[in-house]
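A.B. asks: Can you keep this structure in mind? I'll have questions shortly.
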Amino acid sequence: MQVDVINGLQAWKKLRKNWEAVYDGDPEAHYFLSWAWIERRLATGAGQWFVLAVKETKEDSDYVAFFPLKMHTLVNKDGQFRQDIAVAGSPSSDYTGFLCLPQFEGRALPALAEALLDRHW
């Protein structure tokens with residue numbers, strides 16, 4: 001599986017049809033993962049955001065899973081900085097997470113976890 005990092009609003013907006021197709025195909029999808037909801041969260045929310053997008057191979061044009069995330073820089077009590085990461089829908093919604101076409105779930109979820117572990121936080 002190929003995991004790409006989408007972190008520009010223009011690049012992300014180009015994925016709308018693909019996002020909506022995965023949303024429509026994911027039986028666990030809900031309003032708080034809809035394009036309209038996530039777009040507002042990414043465009044207007046605080047913090048730096050990125051979307052992990054999974055496709056079967058590097059050559060494929062369509063993604064099969066999306067995981068929208070936000071990072072916030074916080075200061076600990078001792079003055080040290082840290083990065084907190086959260087799903088992009090929080091804290092505005094109780095239900096959030098990722099989108100995935102069901103037939104790819106078994107491979108996409110481990111690929112997302114590996115991509116998160118590989119990032120230099």
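So you can find residues: chains in the structure tokens are A, B, ... in the order shown, residues in each start at 1, and ligands are numbered from 1 in order.
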Write out as a PyMOL selection string all residues of chain A that DSSP puts in strand (DSSP E or B) for this structure's backbone.
C.D. replies: chain A and resi 2-6+48-55+65-75+81-87+99-100
A.B. asks: Just the selected residues (N, CA, C and O atoms), exported as a CSV table (one decimal), in the first residue's frame, please.
C.D. replies:
chain,number,residue,atom,x,y,z
A,2,GLN,N,0.4,2.3,-0.7
A,2,GLN,CA,1.1,3.5,-0.8
A,2,GLN,C,0.4,4.6,0.1
A,2,GLN,O,-0.8,4.8,-0.1
A,3,VAL,N,1.1,5.2,1.0
A,3,VAL,CA,0.5,6.2,1.8
A,3,VAL,C,1.1,7.6,1.4
A,3,VAL,O,2.3,7.7,1.5
A,4,ASP,N,0.3,8.5,1.0
A,4,ASP,CA,0.7,9.8,0.7
A,4,ASP,C,0.3,10.8,1.7
A,4,ASP,O,-0.8,10.6,2.4
A,5,VAL,N,1.0,11.9,1.9
A,5,VAL,CA,0.7,12.9,2.9
A,5,VAL,C,0.1,14.1,2.1
A,5,VAL,O,0.9,14.7,1.3
A,6,ILE,N,-1.1,14.5,2.3
A,6,ILE,CA,-1.7,15.6,1.6
A,6,ILE,C,-1.8,16.7,2.7
A,6,ILE,O,-2.4,16.6,3.7
A,48,GLN,N,-2.0,22.8,12.6
A,48,GLN,CA,-1.5,22.4,11.3
A,48,GLN,C,-2.2,21.0,11.0
A,48,GLN,O,-2.4,20.2,11.9
A,49,TRP,N,-2.6,20.8,9.8
A,49,TRP,CA,-3.4,19.6,9.4
A,49,TRP,C,-2.7,18.9,8.3
A,49,TRP,O,-1.9,19.5,7.5
A,50,PHE,N,-3.0,17.6,8.2
A,50,PHE,CA,-2.6,16.9,7.0
A,50,PHE,C,-3.5,15.7,6.9
A,50,PHE,O,-4.2,15.3,7.9
A,51,VAL,N,-3.6,15.1,5.7
A,51,VAL,CA,-4.5,13.9,5.5
A,51,VAL,C,-3.6,12.8,5.0
A,51,VAL,O,-2.8,13.0,4.0
A,52,LEU,N,-3.6,11.7,5.7
A,52,LEU,CA,-2.9,10.5,5.1
A,52,LEU,C,-3.9,9.8,4.2
A,52,LEU,O,-5.0,9.5,4.5
A,53,ALA,N,-3.4,9.6,2.9
A,53,ALA,CA,-4.2,9.0,1.9
A,53,ALA,C,-3.6,7.8,1.4
A,53,ALA,O,-2.4,7.7,1.1
A,54,VAL,N,-4.4,6.7,1.3
A,54,VAL,CA,-3.8,5.4,1.0
A,54,VAL,C,-4.4,4.9,-0.4
A,54,VAL,O,-5.6,5.0,-0.6
A,55,LYS,N,-3.4,4.5,-1.2
A,55,LYS,CA,-3.9,3.8,-2.4
A,55,LYS,C,-3.1,2.5,-2.6
A,55,LYS,O,-2.1,2.2,-1.9
A,65,ALA,N,-8.4,4.9,1.1
A,65,ALA,CA,-8.6,5.3,2.5
A,65,ALA,C,-8.1,6.7,2.8
A,65,ALA,O,-7.1,7.1,2.1
A,66,PHE,N,-8.7,7.4,3.7
A,66,PHE,CA,-8.2,8.7,4.1
A,66,PHE,C,-8.3,8.8,5.6
A,66,PHE,O,-9.2,8.3,6.3
A,67,PHE,N,-7.3,9.5,6.2
A,67,PHE,CA,-7.2,9.7,7.6
A,67,PHE,C,-6.8,11.2,7.9
A,67,PHE,O,-5.6,11.5,7.8
A,68,PRO,N,-7.8,12.0,8.1
A,68,PRO,CA,-7.5,13.5,8.4
A,68,PRO,C,-7.0,13.7,9.8
A,68,PRO,O,-7.7,13.3,10.8
A,69,LEU,N,-5.9,14.4,9.9
A,69,LEU,CA,-5.3,14.6,11.2
A,69,LEU,C,-4.9,16.1,11.4
A,69,LEU,O,-4.7,16.8,10.5
A,70,LYS,N,-4.8,16.5,12.7
A,70,LYS,CA,-4.4,17.9,13.0
A,70,LYS,C,-3.3,17.8,14.1
A,70,LYS,O,-3.3,16.9,14.9
A,71,MET,N,-2.4,18.7,14.0
A,71,MET,CA,-1.3,18.8,15.0
A,71,MET,C,-1.3,20.2,15.7
A,71,MET,O,-1.6,21.2,15.0
A,72,HIS,N,-1.1,20.2,16.9
A,72,HIS,CA,-1.0,21.4,17.7
A,72,HIS,C,0.3,21.4,18.5
A,72,HIS,O,0.7,20.4,19.1
A,73,THR,N,0.9,22.6,18.5
A,73,THR,CA,2.1,22.7,19.4
A,73,THR,C,1.7,23.3,20.7
A,73,THR,O,0.9,24.3,20.8
A,74,LEU,N,2.1,22.6,21.7
A,74,LEU,CA,1.7,22.9,23.1
A,74,LEU,C,3.0,23.1,23.9
A,74,LEU,O,4.0,22.6,23.6
A,75,VAL,N,2.9,23.8,25.0
A,75,VAL,CA,4.0,24.0,25.9
A,75,VAL,C,3.7,23.3,27.2
A,75,VAL,O,2.7,23.5,27.9
A,81,PHE,N,8.4,22.3,24.5
A,81,PHE,CA,7.3,22.3,23.5
A,81,PHE,C,7.1,20.8,23.1
A,81,PHE,O,8.0,20.0,23.2
A,82,ARG,N,5.8,20.5,22.7
A,82,ARG,CA,5.5,19.2,22.3
A,82,ARG,C,4.4,19.3,21.2
A,82,ARG,O,3.7,20.3,21.1
A,83,GLN,N,4.4,18.3,20.3
A,83,GLN,CA,3.3,18.2,19.3
A,83,GLN,C,2.3,17.2,19.7
A,83,GLN,O,2.6,16.1,20.1
A,84,ASP,N,1.0,17.7,19.7
A,84,ASP,CA,-0.1,16.8,19.9
A,84,ASP,C,-0.8,16.5,18.6
A,84,ASP,O,-0.9,17.4,17.8
A,85,ILE,N,-1.1,15.3,18.4
A,85,ILE,CA,-1.8,14.9,17.1
A,85,ILE,C,-3.2,14.4,17.5
A,85,ILE,O,-3.4,13.7,18.5
A,86,ALA,N,-4.2,14.7,16.7
A,86,ALA,CA,-5.5,14.3,16.9
A,86,ALA,C,-6.2,14.2,15.6
A,86,ALA,O,-5.8,14.7,14.6
A,87,VAL,N,-7.3,13.4,15.6
A,87,VAL,CA,-8.1,13.3,14.3
A,87,VAL,C,-8.7,14.7,14.1
A,87,VAL,O,-9.0,15.4,15.0
A,99,LEU,N,-11.7,7.1,6.8
A,99,LEU,CA,-12.6,6.5,5.8
A,99,LEU,C,-11.8,5.4,5.1
A,99,LEU,O,-10.6,5.6,4.8
A,100,CYS,N,-12.5,4.3,4.7
A,100,CYS,CA,-11.8,3.2,4.0
A,100,CYS,C,-12.8,2.4,3.3
A,100,CYS,O,-13.9,2.1,3.8
A.B. asks: Name the residues in contact with Met1 in chain A at a cut-off of 9 Å, using only C-alpha atoms, excluding same-chain residues fewer than 4 positions from it; report them as number ranges by chain.
C.D. replies: A: 54-58, 107-108, 111
A.B. asks: When you draw a straight line from CA of Arg41 in chain A to CA of Phe98 in chain A, how long is it in Å?
C.D. replies: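 Rounded to one decimal, the two atoms are 14.3 Å apart.
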A.B. asks: Pick out the closest residue to Thr96 in chain A from this set: A:Asp26, A:Ala43, A:Ala11, A:Ile38. Count only C-alpha atoms.
C.D. replies: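 Between A:Asp26, A:Ala43, A:Ala11, A:Ile38, the residue approaching Thr96 in chain A most closely is A:Ile38.
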A.B. asks: Apply DSSP to the backbone of this structure and, from chain A, keep only the residues in helix (DSSP H, G or I); write these as JSON, numbers by chain.
C.D. replies: {"A": [9, 10, 11, 12, 13, 16, 17, 18, 19, 20, 21, 22, 23, 24, 25, 31, 32, 33, 35, 36, 37, 38, 39, 40, 41, 42, 43, 44, 102, 103, 104, 105, 106, 107, 108, 109, 110, 111, 112, 113, 114, 115, 116, 117, 118]}
A.B. asks: Could you list, as a PDB file with all heavy atoms, in the first residue's frame, every residue within 9 Å of Pro102 in chain A, counting only C-alpha atoms and ignoring same-chain residues fewer than 5 positions away?
C.D. replies:
ATOM      1  N   GLY A  25     -18.691   4.495  -0.141  1.00  0.00           N
ATOM      2  CA  GLY A  25     -18.430   3.058  -0.085  1.00  0.00           C
ATOM      3  C   GLY A  25     -18.106   2.526   1.292  1.00  0.00           C
ATOM      4  O   GLY A  25     -18.022   1.312   1.495  1.00  0.00           O
ATOM      5  N   ASP A  26     -17.903   3.397   2.265  1.00  0.00           N
ATOM      6  CA  ASP A  26     -17.544   2.982   3.621  1.00  0.00           C
ATOM      7  C   ASP A  26     -18.809   2.849   4.464  1.00  0.00           C
ATOM      8  O   ASP A  26     -19.456   3.851   4.782  1.00  0.00           O
ATOM      9  CB  ASP A  26     -16.602   4.008   4.240  1.00  0.00           C
ATOM     10  CG  ASP A  26     -16.079   3.610   5.601  1.00  0.00           C
ATOM     11  OD1 ASP A  26     -16.677   2.725   6.255  1.00  0.00           O
ATOM     12  OD2 ASP A  26     -15.065   4.192   6.040  1.00  0.00           O
ATOM     13  N   PRO A  27     -19.170   1.635   4.872  1.00  0.00           N
ATOM     14  CA  PRO A  27     -20.399   1.471   5.654  1.00  0.00           C
ATOM     15  C   PRO A  27     -20.321   2.094   7.050  1.00  0.00           C
ATOM     16  O   PRO A  27     -21.347   2.296   7.693  1.00  0.00           O
ATOM     17  CB  PRO A  27     -20.566  -0.048   5.741  1.00  0.00           C
ATOM     18  CG  PRO A  27     -19.207  -0.601   5.528  1.00  0.00           C
ATOM     19  CD  PRO A  27     -18.496   0.374   4.622  1.00  0.00           C
ATOM     20  N   VAL A  64      -7.960   4.675  -1.541  1.00  0.00           N
ATOM     21  CA  VAL A  64      -8.955   3.755  -0.980  1.00  0.00           C
ATOM     22  C   VAL A  64      -9.236   4.056   0.493  1.00  0.00           C
ATOM     23  O   VAL A  64     -10.156   3.487   1.075  1.00  0.00           O
ATOM     24  CB  VAL A  64      -8.512   2.287  -1.156  1.00  0.00           C
ATOM     25  CG1 VAL A  64      -8.363   1.953  -2.639  1.00  0.00           C
ATOM     26  CG2 VAL A  64      -7.223   1.994  -0.401  1.00  0.00           C
TER      27      VAL A  64
END
A.B. asks: Taking into account only C-alpha atoms, which residue in the set A:Trp37, A:Phe32, A:Tyr23, A:Tyr63 is nearest to Gly97 in chain A?
C.D. replies: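 That would be A:Phe32, the residue with the smallest distance to Gly97 in chain A.
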A.B. asks: Could you tell me how far CA of Leu112 in chain A sits from CA of Asp24 in chain A, in Å to one decimal place?
C.D. replies: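 If I compute the distance from CA of Asp24 in chain A to CA of Leu112 in chain A, I get 20.2 Å.
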A.B. asks: Report, in Å to a single decimal, how far apart CA of Arg40 in chain A and CA of Leu9 in chain A are.
C.D. replies: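 One can read the CA of Leu9 in chain A to CA of Arg40 in chain A distance as 11.1 Å.
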A.B. asks: Between A:Glu105, A:Asp78, A:Glu114, A:Glu20, which is the closest to Ser34 in chain A once you count only C-alpha atoms?
C.D. replies: A:Glu20
